[in-house]
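What follows is a single structure, written as structure tokens, with notes after it.
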Amino acid sequence: MIKKAVVTIAVGRIYYLQLAKNLIKSFLIWNGESAIKLLVLTDNTTYFEEFSNNPKVIVKLLALEESQKSFTSKFLLIDHIVAEENLFIDCDCLIYKPLDSIFDTMSAYDFTAIGEEQTSGDFFCNIKEMINKFNVIAMPVFVGSVYYFKNNHISKSVFAKALELKERYDELDFIRLRGKENEEPLFALSMALYNQHPIPDNETIKADRMFYNTSNTNVLKGKTKLKRVNQADQSTIVCEPAIVHFNDSYSESANYLMEEARLKIAGRNSTLAEIDIMFRYYFKERTTSIFKFVFRPIYHFLLGPSKVHSNKRVQ
């Protein structure tokens with residue numbers, strides 16, 4: 001069996017398949033010389049044919065029923081892995097650095113995610129009520145864009161328990177996400193039941209874009225600089241993670257579209273190409289944003305509220 005592998009899932013619409021293709025390309029740029037492999041589980045293997053001769057990439061068919069094409073498709077990972085150590089990375093992420101040190105850090109765990117343990121608050125459930133109901137000390141809280149798990153009994157138990165809890169999702173008063181069961185609180189409770197703990201978030205492994213005010217990245221240069229305001233003292237916190245999660249509409253932002261364009265010209269990029277990308281995406285988004293800010297009151301006065309744009313993730 002392979003020692004280490006990154007794993008991602010790409011199922012359903014072309015939108016998600018293309019996100020996964022971008023993730024693969026970013027992986028190959030920064031981990032092409034390492035022993036780490038990348039496993040893609042997909043219901044459309046044809047879409048990834050360009051990687052068929054690349055020994056670093058393994059594409060496996062993941063046959064799913066329509067009802068399984070949701071957040072909880074991650075519960076099937078354990079049945080398809082090819083490595084002893086596995087780093088799941090959501091398809092809407094990009095990789096900016098070698099991942100060997102991340103595997104080294106996480107190897108002390110059997111199953112983990114990046115976050116913290118809490119005893120109260122909300123995490124698609126009432127945390128206090130849930131830990132009392134299941135007699136656990138605390139519940140991990142995290143964004144499920146990255147998971148690490150070994151191919152061993154403990155991890156298999158966590159997956160099995162999460163799948164079992166899914167069948168009682170509404171009965172246990174978990175809150176649905178976009179009308180579907182969310183894997184995050186199910187994995188979290190399963191982790192607590194099997195004494196598995198999250199890795200503290202020091203913002204060097206990954207950053208979820210929704211938590212930051214600004215993002216300045218370049219996947220070809222390995223550049224990540226995300227900034228947010230520390231609410232405690234209003235200071236600016238800067239992080240430079242190895243993985244950036246472009247969750248929700250951030251994968252439709254100029255920042256992500258510029259990265260996608262760079263990945264298409266990797267190996268033949270130039271200053272002129274970079275200027276073209278800046279004009280096509282960054283300046284276009286900035287100009288549109290300023291225009292809307294200035295003229296929105298007039299538009300609303302004359303024509304009423306704008307139509308709500310559809311979200312590609314819920315179409």
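Identifiers in the structure tokens: chain A, B, ... in order shown; residue index from 1 per chain; ligand index from 1 in order shown.
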Would you return as a ChimeraX atom specification the members of range 33-86 of chain A that DSSP assigns to helix (DSSP H, G or I) on this structure's backbone?
/A:45-51,66-68,71-79
Counting only C-alpha atoms, what are the residues of range 184-299 of chain A within 9 Å of range 165-179 of chain A, and for each of them which pair of atoms is the nearest and at what distance in Å, to one decimal? Sort the table by chain and rising number, as a Markdown table.
```
| residue | atom | partner | partner_atom | distance |
| --- | --- | --- | --- | --- |
| A:Pro185 | CA | A:Phe174 | CA | 7.8 |
| A:Leu186 | CA | A:Leu165 | CA | 6.4 |
| A:Leu189 | CA | A:Leu165 | CA | 8.8 |
| A:Ser190 | CA | A:Leu165 | CA | 8.4 |
```
Nearest to Glu259 in chain A: which of A:Val238, A:Cys93, A:Val136, A:Ile199 is it, counting only C-alpha atoms?
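Of A:Val238, A:Cys93, A:Val136, A:Ile199, the one nearest Glu259 in chain A is A:Cys93, counting only C-alpha atoms.
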DSSP on the backbone, strand (DSSP E) only: what residues of range 66-241 of chain A does that give? Format it as a PyMOL selection string.
chain A and resi 83-89+93-95+111-118+139-150+206-208+214-218+223-229+236-239
Using only C-alpha atoms, I'd like a table of the residues in range 57-162 of chain A that come within 6 Å of range 35-53 of chain A; for each, show the closest atom pair and its distance in Å rounded to one decimal, ordered by chain and ascending number, as a Markdown table.
```
| residue | atom | partner | partner_atom | distance |
| --- | --- | --- | --- | --- |
| A:Val57 | CA | A:Leu38 | CA | 4.9 |
| A:Ile58 | CA | A:Leu39 | CA | 4.7 |
| A:Val59 | CA | A:Val40 | CA | 4.8 |
| A:Lys60 | CA | A:Leu41 | CA | 5.1 |
| A:Leu61 | CA | A:Thr42 | CA | 5.2 |
| A:Leu62 | CA | A:Thr42 | CA | 5.0 |
| A:Ala63 | CA | A:Asp43 | CA | 5.6 |
```
Grab the residues selected above and save them as a PDB file, in the first residue's frame with N, CA and C atoms.
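Written output follows (selection.pdb):
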```
ATOM      1  N   VAL A  57      -1.012  10.704  -9.948  1.00  0.00           N
ATOM      2  CA  VAL A  57      -2.461  10.872  -9.811  1.00  0.00           C
ATOM      3  C   VAL A  57      -3.176   9.550 -10.052  1.00  0.00           C
ATOM      4  N   ILE A  58      -4.041   9.200  -9.113  1.00  0.00           N
ATOM      5  CA  ILE A  58      -4.865   7.991  -9.227  1.00  0.00           C
ATOM      6  C   ILE A  58      -6.325   8.427  -9.296  1.00  0.00           C
ATOM      7  N   VAL A  59      -7.015   8.024 -10.346  1.00  0.00           N
ATOM      8  CA  VAL A  59      -8.426   8.380 -10.518  1.00  0.00           C
ATOM      9  C   VAL A  59      -9.254   7.112 -10.381  1.00  0.00           C
ATOM     10  N   LYS A  60     -10.176   7.117  -9.429  1.00  0.00           N
ATOM     11  CA  LYS A  60     -11.030   5.948  -9.188  1.00  0.00           C
ATOM     12  C   LYS A  60     -12.494   6.340  -9.322  1.00  0.00           C
ATOM     13  N   LEU A  61     -13.263   5.436  -9.876  1.00  0.00           N
ATOM     14  CA  LEU A  61     -14.696   5.661 -10.030  1.00  0.00           C
ATOM     15  C   LEU A  61     -15.391   5.544  -8.682  1.00  0.00           C
ATOM     16  N   LEU A  62     -16.212   6.526  -8.383  1.00  0.00           N
ATOM     17  CA  LEU A  62     -17.020   6.510  -7.170  1.00  0.00           C
ATOM     18  C   LEU A  62     -18.478   6.552  -7.608  1.00  0.00           C
ATOM     19  N   ALA A  63     -19.101   5.395  -7.628  1.00  0.00           N
ATOM     20  CA  ALA A  63     -20.488   5.302  -8.078  1.00  0.00           C
ATOM     21  C   ALA A  63     -21.417   5.709  -6.941  1.00  0.00           C
TER      22      ALA A  63
END
```
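Nearest residue to Ser155 in chain A among A:Ser249, A:Asn132, A:Asn255, A:Gln196 is A:Gln196, counting only C-alpha atoms.
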